[in-house]
Amino acid sequence: MALWRAAGLFLVLVLYGLLSAPAPAEIRLAEAAIGALLVLGVGLLRSLCVATGQTLLECDSPPWETPAVLALAVLLWCPLMRGVWLDWAPGDMVRDVVPLIYLFLPVLLAPMLRAAPDRAVGLLAGGLAVAGVGFALRWWRQADWGFGAVGVRAMADGGVYLLNAPSVLFAAIALPAFGIGMLMHGGWLRRAAGAVAILGGLLCLAALAGAVHRMALGLAAMAFAALGLWWLRRAPLAGLGVGVAALLFVALFPEALFGALERVAEKTRLAGANTRWEEAEAALGQALSSPAAFLFGQGWGALLANPAVGGWRVSYTHTLVTYALAKTGVIGLCALLAYLGGLAPRVLALLRSDPTLGWAVLGPLLMALGAHTSFKYLDTGLLLTLAMVAAERRKRLPPS
């Protein structure tokens with residue numbers, strides 16, 4: 001059953017990357033199919049056990065699950081009741097509750113996948129990579145396949161912000177890293193698959209560079225630097241070979257690479273921190289508007305006059321901390337930090353046990369949970385699920 005659930009999640013990610021959007025404006029056939037597959041993957045029994053607290057009585061649960069279940073209860077019911085009390089629009093409340101469920105997908109899915117951890121990790125990682133490449137291809141189609149514009153000018157993100165999906169950065173890191181490992185080990189078929197994987201990763205990296213996604217590019221550079229040092233220590237000759245290949249790539253495409261760096265510097269000069277500090281000040285002001293707002297927030301469905309979008313009243317902020325503070329107050333923020341604090345040791349353990357997968361997961365999570373609206377996206381929750389299942393399994397992915 002665990003294998004079928006993992007296969008269903010793979011199909012969810014394929015549909016997500018090829019037909020849906022990171023933050024869809026409406027529920028279409030693709031979104032309905034994704035929702036149905038997620039419900040089938042979680043199952044009614046697990047949902048009821050989490051909702052009623054039955055999982056707290058399980059003796060064999062890993063240490064992170066208990067605070068996660070408690071945090072979900074606090075973050076679901078307190079802000080929901082607060083939103084109902086303040087009479088916020090039901091549609092706006094749904095737009096907050098669904099991303100909350102996404103963020104807590106590890107609580108719902110990880111226990112269901114433990115029976116087949118290796119297959120589950122492979123299918124989840126493969127699905128996230130396919131989703132990332134799918135989003136990148138759709139963005140390139142919007143950009144009329146203008147590869148020559150990378151490093152020359154900043155290209156438009158597009159109306160649905162496809163490149164904001166954390167799966168794009170995951171694919172940009174994971175596919176080249178695992179592709180290099182496949183080139184170095186195995187027969188011709190494995191090497192051919194490795195070459196395709198590297199090309200897919202470069203396609204995602206080029207898209208992020210074309211749209212000048214500064215944080216994603218910086219995190220990708222950090223991940224590749226860390227993996228390069230690991231390869232040098234583990235297999236010096238292979239590490240040197242990768243270094244030579246990287247230098248050759250720079251020699252072949254100097255204008256695009258150095259042009260991309262110039263575009264990043266220019267965007268930093270013009271945009272700075274994208275009014276994140278002003279946004280944080282607005283969220284703090286809303287939280288301090290009353291003692292109830294300070295403790296419990298304004299509830300799910302509340303709108304914020306956000307300086308980051310020209311002062312329009314919107315249902316989001318660009319950082320998870322300010323979003324949680326405005327909507328759930330100090331109590332909800334503490335519950336959220338307890339949840340993420342319980343997951344953090346598992347992610348760090350994954351960095352030690354499987355550095356390639358660990359760095360591919362860490363970069364998108366730092367972006368999503370640190371300074372980006374993508375904490376509300378489906379792939380963020382599935383990245384957390386992947387990290388939990390991968391950290392708990394006994395075997396690792398094939399060497400890379």
# chains A, B, ... in the order shown; residues from 1 in each chain; ligands from 1
>>> residues_around(residues="Gly134 of chain A", least_positions_apart="6", cutoff="9 Å", atoms="only C-alpha atoms", output="list of chain:residue names")
A:Val14, A:Tyr16, A:Gly17, A:Leu18, A:Leu19, A:Val168
>>> residues_around(residues="Glu278 of chain A", least_positions_apart="2", cutoff="12 Å", atoms="only C-alpha atoms", output="tab-separated table (two decimals) with N, CA, C and O atoms, in the first residue's frame")
chain	number	residue	atom	x	y	z
A	272	GLY	N	16.74	45.99	-3.76
A	272	GLY	CA	17.15	45.75	-2.39
A	272	GLY	C	16.50	44.50	-1.83
A	272	GLY	O	16.56	43.42	-2.44
A	273	ALA	N	15.83	44.64	-0.68
A	273	ALA	CA	15.18	43.50	-0.02
A	273	ALA	C	13.72	43.38	-0.42
A	273	ALA	O	12.95	42.68	0.25
A	274	ASN	N	13.30	44.03	-1.53
A	274	ASN	CA	11.93	43.92	-2.02
A	274	ASN	C	10.90	44.30	-0.95
A	274	ASN	O	9.87	43.63	-0.79
A	275	THR	N	11.18	45.37	-0.21
A	275	THR	CA	10.28	45.90	0.84
A	275	THR	C	9.90	44.85	1.90
A	275	THR	O	8.82	44.95	2.49
A	276	ARG	N	10.77	43.88	2.13
A	276	ARG	CA	10.46	42.87	3.15
A	276	ARG	C	10.39	43.50	4.54
A	276	ARG	O	9.59	43.09	5.38
A	280	ALA	N	7.27	43.45	7.06
A	280	ALA	CA	7.36	42.94	8.42
A	280	ALA	C	6.81	43.96	9.42
A	280	ALA	O	6.13	43.60	10.39
A	281	GLU	N	7.09	45.24	9.18
A	281	GLU	CA	6.57	46.29	10.05
A	281	GLU	C	5.04	46.33	10.01
A	281	GLU	O	4.38	46.51	11.05
A	282	ALA	N	4.47	46.15	8.81
A	282	ALA	CA	3.01	46.13	8.70
A	282	ALA	C	2.40	44.94	9.42
A	282	ALA	O	1.37	45.06	10.09
A	283	ALA	N	3.03	43.76	9.29
A	283	ALA	CA	2.53	42.56	9.98
A	283	ALA	C	2.63	42.72	11.49
A	283	ALA	O	1.70	42.35	12.23
A	284	LEU	N	3.75	43.31	11.96
A	284	LEU	CA	3.90	43.53	13.40
A	284	LEU	C	2.87	44.54	13.90
A	284	LEU	O	2.29	44.35	14.99
A	285	GLY	N	2.62	45.58	13.12
A	285	GLY	CA	1.61	46.55	13.51
A	285	GLY	C	0.23	45.94	13.62
A	285	GLY	O	-0.54	46.26	14.54
A	305	ALA	N	-2.85	45.08	4.60
A	305	ALA	CA	-2.42	46.12	3.67
A	305	ALA	C	-0.90	45.99	3.52
A	305	ALA	O	-0.14	46.44	4.38
A	306	ASN	N	-0.47	45.37	2.44
A	306	ASN	CA	0.91	44.92	2.30
A	306	ASN	C	1.71	45.92	1.47
A	306	ASN	O	1.45	46.10	0.28
A	307	PRO	N	2.74	46.55	2.06
A	307	PRO	CA	3.57	47.48	1.29
A	307	PRO	C	4.32	46.82	0.14
A	307	PRO	O	4.69	47.49	-0.83
A	308	ALA	N	4.54	45.51	0.23
A	308	ALA	CA	5.27	44.81	-0.82
A	308	ALA	C	4.50	44.72	-2.12
A	308	ALA	O	5.09	44.45	-3.18
A	309	VAL	N	3.19	44.94	-2.07
A	309	VAL	CA	2.37	44.91	-3.29
A	309	VAL	C	1.61	46.23	-3.44
A	309	VAL	O	0.45	46.27	-3.86
A	310	GLY	N	2.28	47.31	-3.06
A	310	GLY	CA	1.71	48.63	-3.27
A	310	GLY	C	0.61	49.01	-2.30
A	310	GLY	O	-0.19	49.90	-2.59
A	311	GLY	N	0.55	48.35	-1.14
A	311	GLY	CA	-0.45	48.69	-0.14
A	311	GLY	C	-1.79	48.01	-0.34
A	311	GLY	O	-2.73	48.25	0.44
A	317	THR	N	1.87	37.37	3.13
A	317	THR	CA	3.11	38.13	3.18
A	317	THR	C	4.18	37.26	2.52
A	317	THR	O	3.94	36.09	2.21
A	318	HIS	N	5.37	37.82	2.34
A	318	HIS	CA	6.41	37.10	1.62
A	318	HIS	C	7.33	36.28	2.53
A	318	HIS	O	8.28	35.67	2.03
A	319	THR	N	7.09	36.29	3.82
A	319	THR	CA	7.88	35.46	4.73
A	319	THR	C	6.95	34.71	5.67
A	319	THR	O	5.92	35.25	6.11
A	322	THR	N	6.35	36.46	9.30
A	322	THR	CA	5.41	37.58	9.35
A	322	THR	C	3.98	37.13	9.04
A	322	THR	O	3.02	37.64	9.62
>>> select_by_dssp(residues="segment 173-342 of chain A", states="alpha helix (DSSP H)", output="PyMOL selection string")
chain A and resi 173-184+188-210+214-234+236-252+254-271+276-287+291-296+320-342
>>> residues_around(residues="Val84 of chain A", least_positions_apart="5", cutoff="10 Å", atoms="only C-alpha atoms", output="list in words")
Pro79, Ala89, Pro90, Met93, Gly299, Trp300 and Gly301 of chain A
>>> closest_atom_pairs(of="segment 181-235 of chain A", to="segment 169-175 of chain A", cutoff="10 Å", atoms="only C-alpha atoms", output="CSV")
residue,atom,partner,partner_atom,distance
A:Gly181,CA,A:Leu175,CA,9.9
A:Gly194,CA,A:Leu175,CA,8.2
A:Ala195,CA,A:Leu175,CA,9.4
A:Val196,CA,A:Leu175,CA,8.7
A:Ala197,CA,A:Leu175,CA,5.0
A:Ile198,CA,A:Leu175,CA,5.5
A:Leu199,CA,A:Leu175,CA,8.1
A:Gly200,CA,A:Leu175,CA,6.7
A:Gly201,CA,A:Ala172,CA,4.2
A:Leu202,CA,A:Ala172,CA,6.4
A:Leu203,CA,A:Ala172,CA,7.7
A:Cys204,CA,A:Ala172,CA,5.1
A:Leu205,CA,A:Ala172,CA,5.3
A:Ala206,CA,A:Ala172,CA,8.9
A:Ala207,CA,A:Ala172,CA,9.5
A:Leu208,CA,A:Leu169,CA,8.1
A:Ala216,CA,A:Leu169,CA,6.4
A:Leu217,CA,A:Leu169,CA,8.3
A:Leu219,CA,A:Leu169,CA,8.6
A:Ala220,CA,A:Ile173,CA,6.1
A:Ala221,CA,A:Ile173,CA,8.9
A:Ala223,CA,A:Ile173,CA,7.2
A:Phe224,CA,A:Ile173,CA,7.3
A:Leu227,CA,A:Ile173,CA,10.0
>>> closest_residue(among="A:Leu384, A:Leu240, A:Leu113, A:Ala287", to="Gly363 of chain A", atoms="only C-alpha atoms")
A:Leu384
>>> closest_residue(among="A:Arg95, A:Lys267, A:Arg28, A:Arg114", to="Leu15 of chain A", atoms="only C-alpha atoms")
A:Arg28
>>> select_by_dssp(residues="segment 259-366 of chain A", states="strand (DSSP E)", output="MDAnalysis selection string")
chainID A and resid 304:305 313:314
>>> closest_residue(among="A:Tyr102, A:Trp4, A:Trp230, A:Phe178", to="Arg352 of chain A", atoms="only C-alpha atoms")
A:Trp230
>>> atom_distance(atom1="atom CA of Val212 of chain A", atom2="atom CA of Val264 of chain A")
6.0 Å
>>> atom_distance(atom1="atom CA of Leu9 of chain A", atom2="atom CA of Leu40 of chain A")
9.7 Å
>>> closest_residue(among="A:Leu128, A:Ala71, A:Leu76, A:Ala209", to="Ala149 of chain A", atoms="only C-alpha atoms")
A:Ala209
>>> atom_distance(atom1="atom CA of Phe296 of chain A", atom2="atom CA of Thr328 of chain A")
5.0 Å
>>> closest_residue(among="A:Val321, A:Ala73, A:Leu337, A:Leu11", to="Ala36 of chain A", atoms="only C-alpha atoms")
A:Leu11
>>> closest_residue(among="A:Val130, A:Ala165, A:Ala256, A:Ile180", to="Val242 of chain A", atoms="only C-alpha atoms")
A:Ile180
>>> residues_around(residues="Ser47 of chain A", least_positions_apart="3", cutoff="12 Å", atoms="only C-alpha atoms", output="VMD selection string")
chain A and resid 38 to 44 50 to 55 69 72 101 104 to 105 107 to 109 111 to 112
>>> decode(residues="segment 42-158 of chain A", atoms="C-alpha atoms", output="short mmCIF file (atom, residue, chain, number, x, y, z; two decimals), in the first residue's frame")
data_model
loop_
_atom_site.label_atom_id
_atom_site.label_comp_id
_atom_site.auth_asym_id
_atom_site.auth_seq_id
_atom_site.Cartn_x
_atom_site.Cartn_y
_atom_site.Cartn_z
CA VAL A 42 -3.41 10.25 3.05
CA GLY A 43 -6.48 8.09 3.66
CA LEU A 44 -9.46 8.73 5.91
CA LEU A 45 -8.07 6.79 8.89
CA ARG A 46 -4.85 8.79 9.13
CA SER A 47 -6.72 12.07 8.76
CA LEU A 48 -9.08 11.15 11.59
CA CYS A 49 -6.22 9.98 13.82
CA VAL A 50 -4.41 13.30 13.38
CA ALA A 51 -7.57 15.40 13.75
CA THR A 52 -8.67 13.64 16.96
CA GLY A 53 -5.20 13.40 18.49
CA GLN A 54 -5.17 9.59 18.38
CA THR A 55 -1.66 9.69 16.95
CA LEU A 56 -0.43 11.17 20.24
CA LEU A 57 -1.07 7.76 21.86
CA GLU A 58 1.18 5.88 19.43
CA CYS A 59 4.29 4.66 21.21
CA ASP A 60 6.44 4.06 18.13
CA SER A 61 6.15 7.54 16.62
CA PRO A 62 9.40 9.41 15.92
CA PRO A 63 10.15 12.39 18.23
CA TRP A 64 9.09 15.04 15.69
CA GLU A 65 5.53 13.75 15.26
CA THR A 66 4.11 14.65 18.68
CA PRO A 67 4.95 18.38 18.53
CA ALA A 68 3.87 18.38 14.88
CA VAL A 69 0.39 17.02 15.68
CA LEU A 70 -0.03 19.47 18.56
CA ALA A 71 1.17 22.37 16.40
CA LEU A 72 -1.26 21.45 13.64
CA ALA A 73 -4.15 21.43 16.13
CA VAL A 74 -3.19 24.87 17.44
CA LEU A 75 -2.60 26.37 13.99
CA LEU A 76 -5.76 24.92 12.48
CA TRP A 77 -8.44 25.50 15.09
CA CYS A 78 -7.42 28.69 16.94
CA PRO A 79 -6.99 30.90 13.84
CA LEU A 80 -10.00 29.26 12.18
CA MET A 81 -12.28 30.10 15.11
CA ARG A 82 -10.78 33.57 15.25
CA GLY A 83 -11.50 34.05 11.54
CA VAL A 84 -15.11 32.90 11.98
CA TRP A 85 -15.51 35.23 14.98
CA LEU A 86 -14.22 38.20 12.93
CA ASP A 87 -16.45 37.18 10.00
CA TRP A 88 -13.73 36.92 7.36
CA ALA A 89 -14.75 35.70 3.91
CA PRO A 90 -14.95 31.87 3.68
CA GLY A 91 -12.94 31.91 0.43
CA ASP A 92 -10.11 33.80 2.11
CA MET A 93 -10.12 31.35 5.01
CA VAL A 94 -9.88 28.40 2.62
CA ARG A 95 -6.91 30.10 0.91
CA ASP A 96 -5.12 30.03 4.27
CA VAL A 97 -6.20 26.60 5.54
CA VAL A 98 -5.23 24.66 2.40
CA PRO A 99 -1.60 25.91 2.48
CA LEU A 100 -1.50 25.04 6.20
CA ILE A 101 -2.43 21.44 5.34
CA TYR A 102 0.27 21.46 2.65
CA LEU A 103 2.86 22.63 5.17
CA PHE A 104 1.92 19.79 7.54
CA LEU A 105 1.88 17.05 4.91
CA PRO A 106 4.76 15.21 6.67
CA VAL A 107 2.41 14.54 9.61
CA LEU A 108 -0.15 13.01 7.27
CA LEU A 109 2.06 11.27 4.71
CA ALA A 110 5.37 10.23 6.29
CA PRO A 111 3.87 7.45 8.49
CA MET A 112 2.03 6.07 5.44
CA LEU A 113 5.24 5.79 3.41
CA ARG A 114 7.54 4.18 5.99
CA ALA A 115 6.70 0.65 4.85
CA ALA A 116 8.50 1.27 1.52
CA PRO A 117 10.97 4.09 2.29
CA ASP A 118 13.41 3.58 -0.59
CA ARG A 119 10.72 3.44 -3.26
CA ALA A 120 8.89 6.34 -1.63
CA VAL A 121 12.01 8.51 -1.60
CA GLY A 122 12.79 7.65 -5.21
CA LEU A 123 9.25 8.41 -6.38
CA LEU A 124 8.96 11.63 -4.38
CA ALA A 125 12.36 12.88 -5.55
CA GLY A 126 11.58 11.89 -9.14
CA GLY A 127 8.16 13.54 -8.99
CA LEU A 128 9.58 16.79 -7.61
CA ALA A 129 12.24 16.81 -10.35
CA VAL A 130 9.63 16.22 -13.06
CA ALA A 131 7.44 18.98 -11.60
CA GLY A 132 10.38 21.39 -11.53
CA VAL A 133 11.36 20.69 -15.13
CA GLY A 134 7.69 20.92 -16.14
CA PHE A 135 7.36 24.38 -14.60
CA ALA A 136 10.63 25.48 -16.23
CA LEU A 137 9.55 24.23 -19.67
CA ARG A 138 6.22 26.03 -19.38
CA TRP A 139 8.06 29.21 -18.39
CA TRP A 140 10.43 28.89 -21.36
CA ARG A 141 7.41 28.46 -23.62
CA GLN A 142 5.96 31.72 -22.22
CA ALA A 143 9.34 33.35 -22.89
CA ASP A 144 9.28 32.10 -26.50
CA TRP A 145 12.32 29.88 -25.82
CA GLY A 146 14.54 32.97 -25.61
CA PHE A 147 17.67 31.26 -24.29
CA GLY A 148 19.83 34.01 -25.76
CA ALA A 149 18.29 36.57 -23.39
CA VAL A 150 19.86 34.95 -20.29
CA GLY A 151 22.38 37.40 -18.90
CA VAL A 152 21.34 40.10 -21.37
CA ARG A 153 18.12 41.32 -19.74
CA ALA A 154 15.79 40.39 -16.89
CA MET A 155 13.00 38.24 -18.29
CA ALA A 156 9.42 38.42 -17.01
CA ASP A 157 8.19 35.92 -14.42
CA GLY A 158 4.81 35.57 -16.11
#
